[in-house]
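Engineer: Following this message is one structure expressed as structure tokens.
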Amino acid sequence: MHSEAGERPYQRIFEAVSDGLIIHDAQTGMVVEANPAACAMYGYTPQEFIGQPLASLLHSDSHHLLHDYLQTVQEGGVYVATAVHLRRDGAAFYGEIRGMALTFAQRPCLLSAVRDISQRVQKEQKLAQQTKARIETRASQATLQERQRLAQNLHDAVNQSLFSASLIAEVLPRLWERDPTEGRQALEDLRRLTRGAMAEMRGLLAELRPLVLTDSELGDLLRQFGDALTGRTNIPVQVTVTGTERGPLPADVQVAFYRVCQEALTNIAKHAGASRVEIDLRYEADAVTLRIRDNGQGFDMAHTPAGHYGLSMMRERAKTIGAELTVASQPGQGAEIVIRWTKRLEKEVR
């Protein structure tokens, strides 16, 4: 800043600043002055730096910032951005740039203060990579756990049903010859087991392909649940669908209904000791209601027994879609779970 006598008092400050300071001509973008820190940062001698165009100091990936930079400072603002800069030898580095307009040597110029932040950016990138790696590891572990769960379900439900079906099929010819009535009962058991195994398989495939849960008819999914429960436990399940679905349900609503039914039937199989289950799906003009009833042993609503933590999960499912969920039960009177979703409630939640 030696070209004007009035600027000489600031020359030492200009040269002593540790950040790179560069003055560009506002019209041509050429460097007209630079402090030693800028020269060292970019790898130029002071004589070589003078006359360098502004664009030559930036990597091509950061050229799109030039327009915003020039517009901001010409309007009297201060421009701040992180860009990829280029040294004289072509090496790139990350620099934080702050720019503003000023008058130098009696002409409009731009002052750019550049700070090399490569080490900080590299640390942030390393941290981001580590975070991504941890997320991917956790996702892989979650995927593995889900596969193990599905494999266990496949073994516990489908494999058991098929094993029982194969035993019945093996003895069925001799049983029929000996007693046709007993043979017909065995044939009905075989039909129930195979139908239940097929339903279990469809359920497992739906877990592996989430789109199946949203693209299928909710009534079909509920019938599939009923067939699976009957095949697994020999408990008859009656599924009734009333009304007509007016357009597909929102994906989150359909999945919530699916999960509530899944959890309810799981609890019935484990705890209810029921001999009959009814699933009633009712479509109305602006609402959908799912009712699940069993004639099992029931429970005291004031003292939820151990193992019924699934009730809280069902309530959370209903809450996320703005639905109402009610649970009614008495000892020896079975249990009834009702989830009701209306379009009005959906809008309020959103």
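If you're wondering about the labels, chains in the structure tokens are A, B, ... by order shown, residues count from 1 in each chain, ligands from 1 in order shown.
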Counting only C-alpha atoms, which residues of stretch 282-330 of chain A fall within 12 Å of stretch 217-223 of chain A, and what is the closest atom pair for each with its distance in Å at one decimal, ordered by chain and rising number, as a Markdown table?

Structural biologist:
| residue | atom | partner | partner_atom | distance |
| --- | --- | --- | --- | --- |
| A:Arg282 | CA | A:Gly219 | CA | 9.6 |
| A:Tyr283 | CA | A:Gly219 | CA | 10.4 |
| A:Val288 | CA | A:Leu218 | CA | 10.8 |
| A:Thr289 | CA | A:Leu218 | CA | 11.6 |
| A:Leu290 | CA | A:Leu222 | CA | 9.9 |
| A:Arg291 | CA | A:Leu222 | CA | 11.2 |
| A:Ile292 | CA | A:Leu222 | CA | 10.5 |

Engineer: Write a file of the just-selected residues containing N, CA, C and O atoms, as a PDB file, in the first residue's frame.

Structural biologist:
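What landed in selection31.pdb:
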ATOM      1  N   ARG A 282     -63.627 -51.255   9.058  1.00  0.00           N
ATOM      2  CA  ARG A 282     -64.804 -50.528   8.571  1.00  0.00           C
ATOM      3  C   ARG A 282     -64.358 -49.211   7.916  1.00  0.00           C
ATOM      4  O   ARG A 282     -63.689 -48.377   8.542  1.00  0.00           O
ATOM      5  N   TYR A 283     -64.751 -49.052   6.632  1.00  0.00           N
ATOM      6  CA  TYR A 283     -64.498 -47.812   5.903  1.00  0.00           C
ATOM      7  C   TYR A 283     -65.745 -46.938   5.966  1.00  0.00           C
ATOM      8  O   TYR A 283     -66.855 -47.389   5.670  1.00  0.00           O
ATOM      9  N   VAL A 288     -61.656 -44.435   9.042  1.00  0.00           N
ATOM     10  CA  VAL A 288     -61.400 -45.872   8.953  1.00  0.00           C
ATOM     11  C   VAL A 288     -61.249 -46.385  10.388  1.00  0.00           C
ATOM     12  O   VAL A 288     -60.523 -45.786  11.195  1.00  0.00           O
ATOM     13  N   THR A 289     -61.939 -47.476  10.675  1.00  0.00           N
ATOM     14  CA  THR A 289     -61.895 -48.045  12.027  1.00  0.00           C
ATOM     15  C   THR A 289     -61.495 -49.519  11.952  1.00  0.00           C
ATOM     16  O   THR A 289     -62.043 -50.276  11.145  1.00  0.00           O
ATOM     17  N   LEU A 290     -60.561 -49.897  12.800  1.00  0.00           N
ATOM     18  CA  LEU A 290     -60.133 -51.292  12.905  1.00  0.00           C
ATOM     19  C   LEU A 290     -60.410 -51.761  14.325  1.00  0.00           C
ATOM     20  O   LEU A 290     -59.963 -51.147  15.297  1.00  0.00           O
ATOM     21  N   ARG A 291     -61.159 -52.874  14.424  1.00  0.00           N
ATOM     22  CA  ARG A 291     -61.535 -53.425  15.721  1.00  0.00           C
ATOM     23  C   ARG A 291     -61.034 -54.864  15.800  1.00  0.00           C
ATOM     24  O   ARG A 291     -61.304 -55.676  14.903  1.00  0.00           O
ATOM     25  N   ILE A 292     -60.323 -55.192  16.878  1.00  0.00           N
ATOM     26  CA  ILE A 292     -59.771 -56.539  17.071  1.00  0.00           C
ATOM     27  C   ILE A 292     -60.282 -57.060  18.413  1.00  0.00           C
ATOM     28  O   ILE A 292     -60.010 -56.456  19.466  1.00  0.00           O
TER      29      ILE A 292
END

Engineer: For a test of reading the model, state the distance in Å between atom CA of A:Ala302 and atom CA of A:Val255, rounded to one decimal.

Structural biologist: 28.9 Å

Engineer: Can you work out the spacing between atom CA of A:Val31 and atom CA of A:Tyr94 in Å, to one decimal?

Structural biologist: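 Taking atom CA of A:Val31 and atom CA of A:Tyr94, their separation equals 19.8 Å.
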
Engineer: What's the 10 Å shell around A:Asp215, counting only C-alpha atoms, without same-chain residues fewer than 5 positions away, as a ChimeraX atom specification?

Structural biologist: /A:210,248-249,251,254

Engineer: Please report, as a list in words, each residue of stretch 273-342 of chain A to which DSSP assigns helix (DSSP H, G or I) when run on this structure's backbone.

Structural biologist: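 Filtering stretch 273-342 of chain A down to helix (DSSP H, G or I) leaves Gly310, Leu311, Ser312, Met313, Met314, Arg315, Glu316, Arg317, Ala318, Lys319 and Thr320 of chain A.
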
Engineer: Leaving out stretch 79-85 of chain A and any residue of its chain fewer than 6 positions from it, which residues lie within 10 Å of it when counting only C-alpha atoms, given as a PDB file with N, CA and C atoms, in the first residue's frame?

Structural biologist:
ATOM      1  N   MET A  41       0.865 -17.788   0.854  1.00  0.00           N
ATOM      2  CA  MET A  41      -0.276 -18.707   0.787  1.00  0.00           C
ATOM      3  C   MET A  41      -0.469 -19.247  -0.625  1.00  0.00           C
ATOM      4  N   TYR A  42      -0.312 -18.381  -1.618  1.00  0.00           N
ATOM      5  CA  TYR A  42      -0.550 -18.780  -2.998  1.00  0.00           C
ATOM      6  C   TYR A  42       0.726 -19.189  -3.734  1.00  0.00           C
ATOM      7  N   ALA A  55      -9.923 -14.772 -10.957  1.00  0.00           N
ATOM      8  CA  ALA A  55     -10.382 -16.124 -11.269  1.00  0.00           C
ATOM      9  C   ALA A  55      -9.263 -17.147 -11.223  1.00  0.00           C
ATOM     10  N   SER A  56      -8.017 -16.711 -11.486  1.00  0.00           N
ATOM     11  CA  SER A  56      -6.890 -17.659 -11.498  1.00  0.00           C
ATOM     12  C   SER A  56      -6.545 -18.152 -10.104  1.00  0.00           C
ATOM     13  N   LEU A  57      -7.035 -17.462  -9.064  1.00  0.00           N
ATOM     14  CA  LEU A  57      -6.728 -17.853  -7.688  1.00  0.00           C
ATOM     15  C   LEU A  57      -7.742 -18.853  -7.135  1.00  0.00           C
ATOM     16  N   LEU A  58      -8.796 -19.118  -7.916  1.00  0.00           N
ATOM     17  CA  LEU A  58      -9.848 -20.032  -7.465  1.00  0.00           C
ATOM     18  C   LEU A  58      -9.895 -21.258  -8.354  1.00  0.00           C
ATOM     19  N   HIS A  59     -10.157 -22.402  -7.723  1.00  0.00           N
ATOM     20  CA  HIS A  59     -10.385 -23.635  -8.473  1.00  0.00           C
ATOM     21  C   HIS A  59     -11.660 -23.482  -9.303  1.00  0.00           C
ATOM     22  N   SER A  60     -11.727 -24.167 -10.426  1.00  0.00           N
ATOM     23  CA  SER A  60     -12.897 -24.060 -11.297  1.00  0.00           C
ATOM     24  C   SER A  60     -14.192 -24.433 -10.577  1.00  0.00           C
ATOM     25  N   ASP A  61     -14.099 -25.322  -9.574  1.00  0.00           N
ATOM     26  CA  ASP A  61     -15.301 -25.705  -8.820  1.00  0.00           C
ATOM     27  C   ASP A  61     -15.884 -24.547  -8.029  1.00  0.00           C
ATOM     28  N   SER A  62     -15.067 -23.492  -7.797  1.00  0.00           N
ATOM     29  CA  SER A  62     -15.527 -22.353  -6.999  1.00  0.00           C
ATOM     30  C   SER A  62     -15.761 -21.102  -7.832  1.00  0.00           C
ATOM     31  N   HIS A  63     -15.630 -21.202  -9.148  1.00  0.00           N
ATOM     32  CA  HIS A  63     -15.825 -20.025 -10.001  1.00  0.00           C
ATOM     33  C   HIS A  63     -17.250 -19.485  -9.924  1.00  0.00           C
ATOM     34  N   HIS A  64     -18.191 -20.362  -9.590  1.00  0.00           N
ATOM     35  CA  HIS A  64     -19.582 -19.904  -9.520  1.00  0.00           C
ATOM     36  C   HIS A  64     -19.798 -18.900  -8.393  1.00  0.00           C
ATOM     37  N   LEU A  65     -18.841 -18.789  -7.449  1.00  0.00           N
ATOM     38  CA  LEU A  65     -18.975 -17.856  -6.336  1.00  0.00           C
ATOM     39  C   LEU A  65     -18.624 -16.432  -6.736  1.00  0.00           C
ATOM     40  N   ASP A  68     -21.623 -13.805  -7.166  1.00  0.00           N
ATOM     41  CA  ASP A  68     -22.202 -13.373  -5.891  1.00  0.00           C
ATOM     42  C   ASP A  68     -21.237 -12.482  -5.124  1.00  0.00           C
ATOM     43  N   TYR A  69     -19.947 -12.832  -5.194  1.00  0.00           N
ATOM     44  CA  TYR A  69     -18.921 -12.058  -4.500  1.00  0.00           C
ATOM     45  C   TYR A  69     -18.899 -10.623  -5.016  1.00  0.00           C
ATOM     46  N   LEU A  70     -18.786 -10.462  -6.325  1.00  0.00           N
ATOM     47  CA  LEU A  70     -18.700  -9.130  -6.922  1.00  0.00           C
ATOM     48  C   LEU A  70     -19.982  -8.338  -6.688  1.00  0.00           C
ATOM     49  N   GLN A  71     -21.130  -8.994  -6.825  1.00  0.00           N
ATOM     50  CA  GLN A  71     -22.397  -8.297  -6.637  1.00  0.00           C
ATOM     51  C   GLN A  71     -22.554  -7.823  -5.199  1.00  0.00           C
ATOM     52  N   THR A  72     -22.179  -8.667  -4.235  1.00  0.00           N
ATOM     53  CA  THR A  72     -22.351  -8.318  -2.818  1.00  0.00           C
ATOM     54  C   THR A  72     -21.494  -7.131  -2.432  1.00  0.00           C
ATOM     55  N   VAL A  73     -20.212  -7.176  -2.783  1.00  0.00           N
ATOM     56  CA  VAL A  73     -19.317  -6.092  -2.360  1.00  0.00           C
ATOM     57  C   VAL A  73     -19.608  -4.805  -3.123  1.00  0.00           C
ATOM     58  N   ALA A  91      -1.668 -26.752  -6.673  1.00  0.00           N
ATOM     59  CA  ALA A  91      -2.209 -27.425  -5.493  1.00  0.00           C
ATOM     60  C   ALA A  91      -3.426 -26.657  -4.974  1.00  0.00           C
ATOM     61  N   ALA A  92      -4.436 -27.377  -4.557  1.00  0.00           N
ATOM     62  CA  ALA A  92      -5.670 -26.758  -4.060  1.00  0.00           C
ATOM     63  C   ALA A  92      -5.660 -26.697  -2.541  1.00  0.00           C
ATOM     64  N   PHE A  93      -6.318 -25.692  -2.002  1.00  0.00           N
ATOM     65  CA  PHE A  93      -6.507 -25.609  -0.554  1.00  0.00           C
ATOM     66  C   PHE A  93      -7.823 -24.906  -0.282  1.00  0.00           C
ATOM     67  N   TYR A  94      -8.369 -25.197   0.901  1.00  0.00           N
ATOM     68  CA  TYR A  94      -9.620 -24.575   1.301  1.00  0.00           C
ATOM     69  C   TYR A  94      -9.321 -23.240   1.976  1.00  0.00           C
ATOM     70  N   GLY A  95     -10.019 -22.210   1.535  1.00  0.00           N
ATOM     71  CA  GLY A  95      -9.822 -20.890   2.115  1.00  0.00           C
ATOM     72  C   GLY A  95     -11.142 -20.223   2.419  1.00  0.00           C
ATOM     73  N   GLU A  96     -11.192 -19.593   3.576  1.00  0.00           N
ATOM     74  CA  GLU A  96     -12.354 -18.775   3.930  1.00  0.00           C
ATOM     75  C   GLU A  96     -12.067 -17.363   3.471  1.00  0.00           C
ATOM     76  N   ILE A  97     -12.930 -16.804   2.651  1.00  0.00           N
ATOM     77  CA  ILE A  97     -12.688 -15.499   2.070  1.00  0.00           C
ATOM     78  C   ILE A  97     -13.734 -14.507   2.561  1.00  0.00           C
ATOM     79  N   ARG A  98     -13.249 -13.308   2.909  1.00  0.00           N
ATOM     80  CA  ARG A  98     -14.122 -12.202   3.287  1.00  0.00           C
ATOM     81  C   ARG A  98     -13.786 -11.036   2.377  1.00  0.00           C
ATOM     82  N   GLY A  99     -14.784 -10.515   1.705  1.00  0.00           N
ATOM     83  CA  GLY A  99     -14.531  -9.448   0.744  1.00  0.00           C
ATOM     84  C   GLY A  99     -15.375  -8.219   0.986  1.00  0.00           C
ATOM     85  N   MET A 100     -14.814  -7.069   0.682  1.00  0.00           N
ATOM     86  CA  MET A 100     -15.524  -5.807   0.807  1.00  0.00           C
ATOM     87  C   MET A 100     -14.941  -4.808  -0.180  1.00  0.00           C
ATOM     88  N   ALA A 101     -15.692  -3.756  -0.466  1.00  0.00           N
ATOM     89  CA  ALA A 101     -15.232  -2.725  -1.401  1.00  0.00           C
ATOM     90  C   ALA A 101     -14.412  -1.671  -0.661  1.00  0.00           C
ATOM     91  N   SER A 112      -9.867  -8.545  -0.373  1.00  0.00           N
ATOM     92  CA  SER A 112     -10.186  -9.926   0.007  1.00  0.00           C
ATOM     93  C   SER A 112      -9.245 -10.363   1.118  1.00  0.00           C
ATOM     94  N   ALA A 113      -9.832 -10.825   2.214  1.00  0.00           N
ATOM     95  CA  ALA A 113      -9.053 -11.413   3.302  1.00  0.00           C
ATOM     96  C   ALA A 113      -9.243 -12.920   3.233  1.00  0.00           C
ATOM     97  N   VAL A 114      -8.155 -13.663   3.071  1.00  0.00           N
ATOM     98  CA  VAL A 114      -8.222 -15.106   2.877  1.00  0.00           C
ATOM     99  C   VAL A 114      -7.519 -15.810   4.026  1.00  0.00           C
ATOM    100  N   ARG A 115      -8.199 -16.794   4.600  1.00  0.00           N
ATOM    101  CA  ARG A 115      -7.603 -17.602   5.681  1.00  0.00           C
ATOM    102  C   ARG A 115      -7.592 -19.058   5.241  1.00  0.00           C
ATOM    103  N   ASP A 116      -6.433 -19.683   5.328  1.00  0.00           N
ATOM    104  CA  ASP A 116      -6.302 -21.090   4.959  1.00  0.00           C
ATOM    105  C   ASP A 116      -6.938 -21.951   6.053  1.00  0.00           C
ATOM    106  N   ILE A 117      -8.014 -22.639   5.705  1.00  0.00           N
ATOM    107  CA  ILE A 117      -8.724 -23.471   6.689  1.00  0.00           C
ATOM    108  C   ILE A 117      -8.673 -24.941   6.277  1.00  0.00           C
ATOM    109  N   SER A 118      -7.664 -25.304   5.517  1.00  0.00           N
ATOM    110  CA  SER A 118      -7.573 -26.681   5.013  1.00  0.00           C
ATOM    111  C   SER A 118      -7.550 -27.698   6.142  1.00  0.00           C
ATOM    112  N   VAL A 121     -11.019 -28.045   7.621  1.00  0.00           N
ATOM    113  CA  VAL A 121     -11.922 -28.752   6.719  1.00  0.00           C
ATOM    114  C   VAL A 121     -11.593 -30.239   6.688  1.00  0.00           C
TER     115      VAL A 121
END

Engineer: List the spatial neighbours of A:Phe14 as a ChimeraX atom specification - criterion: any atom at most 9 Å away, only C-alpha atoms, same-chain residues fewer than 4 positions off excluded.

Structural biologist: /A:1,10,21,34-36
